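**Q** Provided herewith: query.cif, mmCIF, C-alpha atoms.
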```cif
data_work
loop_
_atom_site.group_PDB
_atom_site.id
_atom_site.type_symbol
_atom_site.label_atom_id
_atom_site.label_comp_id
_atom_site.auth_asym_id
_atom_site.auth_seq_id
_atom_site.Cartn_x
_atom_site.Cartn_y
_atom_site.Cartn_z
ATOM 1 C CA MET A 1 77.229 -0.404 246.588
ATOM 2 C CA ASN A 2 78.005 0.065 242.896
ATOM 3 C CA ARG A 3 74.579 -1.261 241.905
ATOM 4 C CA ALA A 4 72.817 1.284 244.131
ATOM 5 C CA LEU A 5 74.810 4.143 242.602
ATOM 6 C CA PHE A 6 74.058 2.873 239.106
ATOM 7 C CA ARG A 7 70.309 2.802 239.788
ATOM 8 C CA SER A 8 70.329 6.353 241.184
ATOM 9 C CA VAL A 9 72.147 7.613 238.090
ATOM 10 C CA LEU A 10 69.562 5.993 235.813
ATOM 11 C CA GLU A 11 66.735 7.607 237.707
ATOM 12 C CA LEU A 12 68.356 11.020 237.419
ATOM 13 C CA ARG A 13 68.805 10.611 233.661
ATOM 14 C CA ALA A 14 65.147 9.651 233.064
ATOM 15 C CA PRO A 15 63.024 12.155 235.087
ATOM 16 C CA SER A 16 59.983 11.577 232.867
ATOM 17 C CA ALA A 17 59.611 8.073 234.240
ATOM 18 C CA ARG A 18 58.734 9.409 237.657
ATOM 19 C CA LEU A 19 55.143 10.545 238.230
ATOM 20 C CA ILE A 20 54.604 14.122 239.383
ATOM 21 C CA PRO A 21 51.928 14.532 242.078
ATOM 22 C CA SER A 22 48.829 16.363 240.953
ATOM 23 C CA PHE A 23 48.912 18.969 243.747
ATOM 24 C CA SER A 24 52.247 20.319 242.384
ATOM 25 C CA LEU A 25 50.783 20.899 238.904
ATOM 26 C CA PRO A 26 49.117 24.198 237.868
ATOM 27 C CA ILE A 27 45.347 24.531 237.918
ATOM 28 C CA GLY A 28 45.023 24.077 234.154
ATOM 29 C CA ALA A 29 46.940 20.809 234.235
ATOM 30 C CA ARG A 30 44.926 19.390 237.128
ATOM 31 C CA ALA A 31 41.801 19.181 234.983
ATOM 32 C CA PHE A 32 43.392 16.587 232.728
ATOM 33 C CA ASN A 33 44.312 14.360 235.633
ATOM 34 C CA THR A 34 40.842 14.288 237.234
ATOM 35 C CA THR A 35 38.639 11.264 236.733
ATOM 36 C CA ALA A 36 35.468 11.406 234.693
ATOM 37 C CA PRO A 37 32.254 12.025 236.666
ATOM 38 C CA ILE A 38 30.038 9.037 237.284
ATOM 39 C CA VAL A 39 26.551 9.606 235.882
ATOM 40 C CA GLU A 40 23.922 7.315 237.297
ATOM 41 C CA PRO A 41 21.191 6.246 234.890
ATOM 42 C CA VAL A 42 17.676 7.584 235.435
ATOM 43 C CA PRO A 43 15.428 4.788 236.701
ATOM 44 C CA GLN A 44 12.861 3.790 234.143
ATOM 45 C CA GLN A 45 9.199 3.653 235.096
ATOM 46 C CA HIS A 46 7.697 0.208 235.237
ATOM 47 C CA ALA A 47 5.093 -0.556 232.616
ATOM 48 C CA LYS A 48 2.459 -1.560 235.170
ATOM 49 C CA ASN A 49 2.839 1.594 237.287
ATOM 50 C CA ALA A 50 0.653 4.613 236.564
ATOM 51 C CA ALA A 51 2.246 7.960 235.799
ATOM 52 C CA ASN A 52 2.292 10.717 238.419
ATOM 53 C CA PRO A 53 -0.054 13.482 237.201
ATOM 54 C CA THR A 54 1.682 16.148 239.345
ATOM 55 C CA SER A 55 5.288 15.300 238.457
ATOM 56 C CA ASN A 56 5.718 18.441 236.318
ATOM 57 C CA GLN A 57 4.019 20.782 238.798
ATOM 58 C CA PRO A 58 6.011 22.670 241.478
ATOM 59 C CA ARG A 59 5.634 21.254 244.953
ATOM 60 C CA PRO A 60 4.040 23.629 247.503
ATOM 61 C CA LEU A 61 6.127 24.850 250.402
ATOM 62 C CA ALA A 62 5.072 23.304 253.707
ATOM 63 C CA LEU A 63 4.919 25.677 256.663
ATOM 64 C CA LYS A 64 6.455 23.846 259.592
ATOM 65 C CA LYS A 65 5.980 24.831 263.231
ATOM 66 C CA SER A 66 8.393 23.818 265.920
ATOM 67 C CA HIS A 67 5.597 23.431 268.500
ATOM 68 C CA PRO A 68 2.176 23.286 266.808
ATOM 69 C CA ASN A 69 -0.869 23.699 268.987
ATOM 70 C CA PRO A 70 -2.580 20.365 269.638
ATOM 71 C CA PRO A 71 -6.266 20.086 268.726
ATOM 72 C CA PRO A 72 -8.663 20.741 271.622
ATOM 73 C CA THR A 73 -9.733 17.621 273.435
ATOM 74 C CA PRO A 74 -13.472 16.983 273.682
ATOM 75 C CA ILE A 75 -15.124 17.514 277.046
ATOM 76 C CA SER A 76 -16.166 14.302 278.781
ATOM 77 C CA ASP A 77 -19.835 13.533 279.492
ATOM 78 C CA SER A 78 -19.333 13.550 283.263
ATOM 79 C CA VAL A 79 -17.895 17.070 283.137
ATOM 80 C CA LYS A 80 -20.782 18.236 280.944
ATOM 81 C CA THR A 81 -23.246 16.860 283.498
ATOM 82 C CA LEU A 82 -21.619 18.072 286.734
ATOM 83 C CA LEU A 83 -20.133 21.399 285.591
ATOM 84 C CA PRO A 84 -23.521 23.248 285.676
ATOM 85 C CA LEU A 85 -24.097 21.940 289.212
ATOM 86 C CA LEU A 86 -20.679 23.196 290.245
ATOM 87 C CA ALA A 87 -21.330 26.598 288.694
ATOM 88 C CA ALA A 88 -24.731 26.897 290.425
ATOM 89 C CA GLN A 89 -23.229 26.758 293.923
ATOM 90 C CA PRO A 90 -21.614 29.896 295.420
ATOM 91 C CA GLY A 91 -18.246 30.132 297.077
ATOM 92 C CA HIS A 92 -15.956 28.695 294.399
ATOM 93 C CA TYR A 93 -12.312 28.008 295.158
ATOM 94 C CA ILE A 94 -9.414 27.147 292.883
ATOM 95 C CA THR A 95 -5.835 25.954 293.207
ATOM 96 C CA VAL A 96 -3.787 27.928 290.706
ATOM 97 C CA HIS A 97 -0.149 27.322 289.871
ATOM 98 C CA ILE A 98 2.123 30.339 289.380
ATOM 99 C CA HIS A 99 5.692 29.502 288.392
ATOM 100 C CA GLY A 100 5.263 26.041 289.900
ATOM 101 C CA PHE A 101 3.872 27.228 293.258
ATOM 102 C CA PRO A 102 0.276 26.156 294.109
ATOM 103 C CA TYR A 103 -2.125 28.646 295.748
ATOM 104 C CA LEU A 104 -5.598 27.791 297.074
ATOM 105 C CA VAL A 105 -7.598 31.004 296.632
ATOM 106 C CA GLN A 106 -11.080 32.446 296.247
ATOM 107 C CA GLU A 107 -12.281 35.588 294.529
ATOM 108 C CA GLY A 108 -10.985 38.630 296.419
ATOM 109 C CA ASP A 109 -8.006 36.901 298.072
ATOM 110 C CA GLN A 110 -4.489 38.283 297.919
ATOM 111 C CA ILE A 111 -1.384 36.313 296.969
ATOM 112 C CA ARG A 112 2.119 37.244 298.020
ATOM 113 C CA LEU A 113 4.491 35.599 295.582
ATOM 114 C CA PRO A 114 7.877 34.483 296.993
ATOM 115 C CA PHE A 115 9.626 36.403 294.213
ATOM 116 C CA LYS A 116 9.325 39.583 292.170
ATOM 117 C CA MET A 117 7.510 38.875 288.924
ATOM 118 C CA PRO A 118 9.335 40.478 286.010
ATOM 119 C CA HIS A 119 7.782 42.726 283.350
ATOM 120 C CA VAL A 120 4.600 43.592 285.311
ATOM 121 C CA GLN A 121 3.303 46.939 286.551
ATOM 122 C CA PRO A 122 0.689 47.757 289.227
ATOM 123 C CA GLY A 123 -2.737 47.516 287.645
ATOM 124 C CA ASP A 124 -1.902 44.816 285.118
ATOM 125 C CA VAL A 125 -4.456 41.992 284.804
ATOM 126 C CA LEU A 126 -3.060 38.457 284.478
ATOM 127 C CA ARG A 127 -4.940 35.413 283.184
ATOM 128 C CA LEU A 128 -4.210 32.394 285.390
ATOM 129 C CA ASP A 129 -4.772 29.453 283.034
ATOM 130 C CA ARG A 130 -3.072 26.668 284.988
ATOM 131 C CA ALA A 131 -5.039 25.113 287.851
ATOM 132 C CA SER A 132 -5.255 21.655 289.370
ATOM 133 C CA VAL A 133 -8.427 21.894 291.526
ATOM 134 C CA LEU A 134 -11.703 23.755 291.027
ATOM 135 C CA GLY A 135 -14.594 23.239 293.392
ATOM 136 C CA SER A 136 -17.411 24.436 295.611
ATOM 137 C CA ARG A 137 -19.009 23.123 298.798
ATOM 138 C CA ASP A 138 -20.315 19.834 297.324
ATOM 139 C CA PHE A 139 -18.415 19.376 294.053
ATOM 140 C CA THR A 140 -14.715 19.240 293.196
ATOM 141 C CA LEU A 141 -13.119 19.069 289.765
ATOM 142 C CA LYS A 142 -9.555 17.747 289.704
ATOM 143 C CA GLY A 143 -7.155 17.799 286.794
ATOM 144 C CA ALA A 144 -4.572 15.260 285.696
ATOM 145 C CA PRO A 145 -2.394 17.198 286.244
ATOM 146 C CA HIS A 146 -4.221 20.402 285.211
ATOM 147 C CA ILE A 147 -7.800 21.347 284.420
ATOM 148 C CA ASP A 148 -8.829 22.363 280.944
ATOM 149 C CA GLY A 149 -8.446 26.136 280.746
ATOM 150 C CA ARG A 150 -11.687 26.481 278.761
ATOM 151 C CA LEU A 151 -13.805 25.495 281.759
ATOM 152 C CA TYR A 152 -13.045 28.544 283.897
ATOM 153 C CA GLU A 153 -11.719 32.098 283.845
ATOM 154 C CA CYS A 154 -9.443 33.226 286.655
ATOM 155 C CA ARG A 155 -7.817 36.653 286.550
ATOM 156 C CA ALA A 156 -5.524 38.407 289.000
ATOM 157 C CA THR A 157 -4.651 42.093 289.301
ATOM 158 C CA VAL A 158 -1.158 43.208 290.210
ATOM 159 C CA ILE A 159 -1.374 45.403 293.295
ATOM 160 C CA GLY A 160 2.269 46.258 293.733
ATOM 161 C CA THR A 161 5.559 45.128 295.187
ATOM 162 C CA GLU A 162 6.513 44.706 298.842
ATOM 163 C CA SER A 163 10.022 44.564 300.270
ATOM 164 C CA GLU A 164 11.159 42.888 303.453
ATOM 165 C CA PRO A 165 13.317 44.646 306.084
ATOM 166 C CA LEU A 166 17.020 44.822 305.393
ATOM 167 C CA ARG A 167 18.797 41.731 306.694
ATOM 168 C CA ILE A 168 22.483 41.779 307.571
ATOM 169 C CA LYS A 169 24.361 38.524 308.051
ATOM 170 C CA LEU A 170 27.865 38.478 309.490
ATOM 171 C CA LYS A 171 30.220 36.015 307.846
ATOM 172 C CA THR A 172 33.504 35.050 309.473
ATOM 173 C CA LYS A 173 36.217 32.440 308.993
ATOM 174 C CA ARG A 174 38.129 30.482 311.581
ATOM 175 C CA ARG A 175 41.331 32.010 312.909
ATOM 176 C CA GLN A 176 40.617 35.269 311.085
ATOM 177 C CA ARG A 177 39.500 38.584 312.561
ATOM 178 C CA LYS A 178 37.934 39.852 309.331
ATOM 179 C CA VAL A 179 34.127 40.067 309.436
ATOM 180 C CA LYS A 180 32.184 40.352 306.188
ATOM 181 C CA GLN A 181 28.605 41.685 306.018
ATOM 182 C CA ALA A 182 26.115 40.150 303.557
ATOM 183 C CA LYS A 183 23.097 42.404 303.034
ATOM 184 C CA SER A 184 19.829 41.222 301.463
ATOM 185 C CA LYS A 185 16.477 42.868 300.878
ATOM 186 C CA HIS A 186 14.085 40.743 298.832
ATOM 187 C CA ARG A 187 11.053 42.087 296.994
ATOM 188 C CA TYR A 188 7.753 40.275 296.438
ATOM 189 C CA THR A 189 4.855 40.812 294.024
ATOM 190 C CA ILE A 190 1.323 41.091 295.443
ATOM 191 C CA LEU A 191 -1.670 39.840 293.413
ATOM 192 C CA ARG A 192 -5.409 40.004 294.055
ATOM 193 C CA ILE A 193 -7.837 37.485 292.559
ATOM 194 C CA SER A 194 -10.237 39.825 290.809
ATOM 195 C CA GLU A 195 -12.330 37.313 288.828
ATOM 196 C CA LEU A 196 -13.245 33.636 289.119
ATOM 197 C CA ASN A 197 -15.990 32.404 286.801
ATOM 198 C CA ILE A 198 -17.031 28.997 285.481
ATOM 199 C CA ASN A 199 -17.965 28.907 281.807
ATOM 200 C CA ASN A 200 -20.980 27.200 280.295
ATOM 201 C CA VAL A 201 -20.537 24.011 278.315
ATOM 202 C CA GLU A 202 -22.581 25.397 275.413
ATOM 203 C CA ASP A 203 -20.364 28.461 275.101
ATOM 204 C CA ILE A 204 -17.219 26.297 275.192
ATOM 205 C CA GLU A 205 -18.454 24.004 272.424
ATOM 206 C CA ALA A 206 -19.610 26.982 270.308
ATOM 207 C CA SER A 207 -16.209 28.687 270.573
ATOM 208 C CA THR A 208 -14.403 25.451 269.733
ATOM 209 C CA ALA A 209 -16.546 24.758 266.675
#
```
Could you express the structure from this file as structure tokens?

**A**
Amino acid sequence: MNRALFRSVLELRAPSARLIPSFSLPIGARAFNTTAPIVEPVPQQHAKNAANPTSNQPRPLALKKSHPNPPPTPISDSVKTLLPLLAAQPGHYITVHIHGFPYLVQEGDQIRLPFKMPHVQPGDVLRLDRASVLGSRDFTLKGAPHIDGRLYECRATVIGTESEPLRIKLKTKRRQRKVKQAKSKHRYTILRISELNINNVEDIEASTA
């Protein structure tokens, strides 16, 4: 017990022997306690390696795109041979995909979408560029999964919006007399296929070049 008291007294008499933590020191004193920065040596160029002629020039800024457009794929020889025969026959039909729904239509047909298309007004012309089948009486062109949009031009005109009759559904719960009414009145967009043309192979290759 006496030895422990003697040691504590010695420590109180010599406060300089104890180290003071750096976070308790003022800002000016902290600089003297910090370690020296480590400077890595610059790698020397090997004698057999040639010097970079553009090392002193500023590097150009690269413009990056999140989704760059892929280059157009060349048209196959079979499509070049059979596409004029398909265009020569009348009565073309096409299977277009609108918001994931397929529609088999001809020029002049009307489409009643199972939803109301946003941001369209009556009279607007829409370009339908996603189709899986294009054909006539004797020839059919199928895509995997879609046909190249350069081979055809399909446009639809917005006619207007239709609404179904008001539907009222009664909802009840067991052992309860309260009856709740759920009303619904959906609206649908009506389109008319105003144009369906098949492009020439020469015009497609000229526009691509």

**Q** If you count all atoms listed in the file, which residues fall within 10 Å of Ile193 (chain A), apart from same-chain ones fewer than 4 positions away, as a list in words?

**A**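 What passes the distance filter is Val105, Gln106, Glu107, Gly108, Asp109, Gln110, Ile111, Val125, Leu126, Leu128, Cys154, Arg155, Ala156, Thr157 and Val158 of chain A.
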
**Q** So how many Å separate CA of His146 (chain A) and CA of Arg130 (chain A), to one decimal?

**A**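 Between CA of His146 (chain A) and CA of Arg130 (chain A) the gap works out to 6.4 Å.
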
**Q** Have a look at A:Gly91, A:Pro41, A:Gly160, A:Pro58 and name the one nearest to Asp138 (chain A); count all atoms listed in the file.

**A**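 Smallest distance to Asp138 (chain A) is found for A:Gly91.
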
**Q** With distances taken over only C-alpha atoms, which of A:Val79, A:Ile147, A:Ile159, A:Leu141 is nearest to His97 (chain A)?

**A**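 Smallest distance to His97 (chain A) is found for A:Ile147.
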
**Q** List the neighbours of Asp203 (chain A) out to 12 Å using all atoms listed in the file; skip same-chain residues closer than 6 positions along the sequence, and give me the result as a list in words.

**A**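 Selected residues are Lys80, Arg150, Leu151, Tyr152 and Ala209 of chain A.
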
**Q** Out of A:Leu85, A:Pro122, A:Ser76, A:Met117, which residue has the shortest atom-to-atom distance to Thr140 (chain A) when counting all atoms listed in the file?

**A** A:Leu85

**Q** Which is closer to Ala87 (chain A) than all the others in A:Lys185, A:Asp129, A:Glu162, A:Asn200, using all atoms listed in the file?

**A** A:Asn200

**Q** Do you have the CA of Lys180 (chain A)-CA of Ser163 (chain A) distance handy?

**A** 23.3 Å

**Q** Could you jot down the CA of Leu86 (chain A) to CA of Arg127 (chain A) separation for me, Å, one decimal place?

**A** 21.1 Å

**Q** For Pro90 (chain A), which residue out of A:Gln176, A:Asn197, A:Gln121, A:Gln44 is the nearest one, using only C-alpha atoms?

**A**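 When distances to Pro90 (chain A) are compared using only C-alpha atoms, the smallest one comes from A:Asn197.
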
**Q** Could you tell me, as a PyMOL selection string, exactly which residues end up selected when the PyMOL selection byres ((chain A and resi 115) around 7) is applied to this structure?

**A** chain A and resi 113-114+116-117+187-189

**Q** Which one is closest to Thr161 (chain A): A:Leu191, A:Ile75, A:Ile204, A:Ala131? Count all atoms listed in the file.

**A**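 For Thr161 (chain A), the nearest of the candidates is A:Leu191.
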
**Q** For this file, the PyMOL selection byres ((chain A and resi 182) around 9) selects which residues, as a list of chain:residue names?

**A** A:Arg167, A:Ile168, A:Lys169, A:Leu170, A:Lys171, A:Lys180, A:Gln181, A:Lys183, A:Ser184

**Q** Could region 164-175 of chain A be completed with all heavy atoms and written as a compact mmCIF listing (two decimals), keeping the file's coordinate frame, please?

**A**
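Result went into part26.txt, see below:
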```
# COMPACT_ATOMS: atom_id res chain seq x y z
N GLU A 164 10.94 43.27 302.07
CA GLU A 164 11.16 42.89 303.45
C GLU A 164 12.19 43.81 304.09
O GLU A 164 12.92 44.53 303.39
CB GLU A 164 11.65 41.45 303.52
CG GLU A 164 13.00 41.23 302.88
CD GLU A 164 13.49 39.83 303.07
OE1 GLU A 164 12.74 39.00 303.60
OE2 GLU A 164 14.66 39.57 302.71
N PRO A 165 12.28 43.84 305.43
CA PRO A 165 13.32 44.65 306.08
C PRO A 165 14.72 44.18 305.69
O PRO A 165 14.95 43.03 305.34
CB PRO A 165 13.05 44.42 307.58
CG PRO A 165 11.63 43.99 307.65
CD PRO A 165 11.36 43.23 306.39
N LEU A 166 15.64 45.11 305.76
CA LEU A 166 17.02 44.82 305.39
C LEU A 166 17.62 43.83 306.39
O LEU A 166 17.57 44.03 307.61
CB LEU A 166 17.84 46.10 305.37
CG LEU A 166 19.32 45.96 305.00
CD1 LEU A 166 19.48 45.45 303.58
CD2 LEU A 166 20.05 47.30 305.17
N ARG A 167 18.17 42.75 305.87
CA ARG A 167 18.80 41.73 306.69
C ARG A 167 20.31 41.79 306.49
O ARG A 167 20.78 41.86 305.35
CB ARG A 167 18.27 40.34 306.35
CG ARG A 167 16.79 40.16 306.67
CD ARG A 167 16.35 38.72 306.47
NE ARG A 167 16.47 38.32 305.07
CZ ARG A 167 16.18 37.09 304.63
NH1 ARG A 167 15.78 36.17 305.48
NH2 ARG A 167 16.32 36.80 303.34
N ILE A 168 21.02 41.74 307.60
CA ILE A 168 22.48 41.78 307.57
C ILE A 168 23.00 40.52 308.26
O ILE A 168 22.67 40.27 309.42
CB ILE A 168 23.04 43.04 308.25
CG1 ILE A 168 22.51 44.30 307.56
CG2 ILE A 168 24.57 43.02 308.23
CD1 ILE A 168 22.94 45.58 308.21
N LYS A 169 23.78 39.75 307.53
CA LYS A 169 24.36 38.52 308.05
C LYS A 169 25.87 38.67 308.10
O LYS A 169 26.50 39.06 307.13
CB LYS A 169 23.97 37.33 307.17
CG LYS A 169 24.44 36.00 307.71
CD LYS A 169 23.97 34.85 306.83
CE LYS A 169 24.43 33.51 307.38
NZ LYS A 169 23.99 32.38 306.53
N LEU A 170 26.43 38.37 309.29
CA LEU A 170 27.86 38.48 309.49
C LEU A 170 28.52 37.15 309.14
O LEU A 170 28.14 36.10 309.66
CB LEU A 170 28.18 38.87 310.94
CG LEU A 170 27.54 40.18 311.43
CD1 LEU A 170 27.90 40.43 312.88
CD2 LEU A 170 27.97 41.35 310.56
N LYS A 171 29.51 37.21 308.28
CA LYS A 171 30.22 36.02 307.85
C LYS A 171 31.68 36.12 308.30
O LYS A 171 32.35 37.12 308.03
CB LYS A 171 30.16 35.87 306.32
CG LYS A 171 28.77 35.56 305.80
CD LYS A 171 28.79 35.26 304.31
CE LYS A 171 27.42 34.85 303.80
NZ LYS A 171 27.45 34.51 302.36
N THR A 172 32.13 35.09 308.98
CA THR A 172 33.50 35.05 309.47
C THR A 172 34.14 33.71 309.11
O THR A 172 33.44 32.75 308.76
CB THR A 172 33.56 35.24 310.99
OG1 THR A 172 32.79 34.20 311.61
CG2 THR A 172 32.99 36.60 311.40
N LYS A 173 35.46 33.65 309.20
CA LYS A 173 36.22 32.44 308.99
C LYS A 173 37.04 32.14 310.24
O LYS A 173 37.38 33.04 311.01
CB LYS A 173 37.13 32.57 307.77
CG LYS A 173 36.40 32.70 306.46
CD LYS A 173 37.36 32.76 305.29
CE LYS A 173 36.62 32.87 303.97
NZ LYS A 173 37.56 32.91 302.81
N ARG A 174 37.36 30.88 310.41
CA ARG A 174 38.13 30.48 311.58
C ARG A 174 39.54 31.06 311.53
O ARG A 174 40.16 31.14 310.47
CB ARG A 174 38.21 28.97 311.66
CG ARG A 174 36.87 28.30 311.97
CD ARG A 174 37.07 26.82 312.26
NE ARG A 174 37.68 26.13 311.12
CZ ARG A 174 38.07 24.86 311.16
NH1 ARG A 174 37.93 24.15 312.27
NH2 ARG A 174 38.61 24.30 310.09
N ARG A 175 39.99 31.48 312.72
CA ARG A 175 41.33 32.01 312.91
C ARG A 175 41.59 33.26 312.06
O ARG A 175 42.71 33.52 311.63
CB ARG A 175 42.38 30.93 312.59
CG ARG A 175 42.32 29.74 313.55
CD ARG A 175 43.46 28.78 313.27
NE ARG A 175 43.35 28.19 311.94
CZ ARG A 175 42.64 27.10 311.67
NH1 ARG A 175 41.97 26.48 312.65
NH2 ARG A 175 42.59 26.61 310.45
```
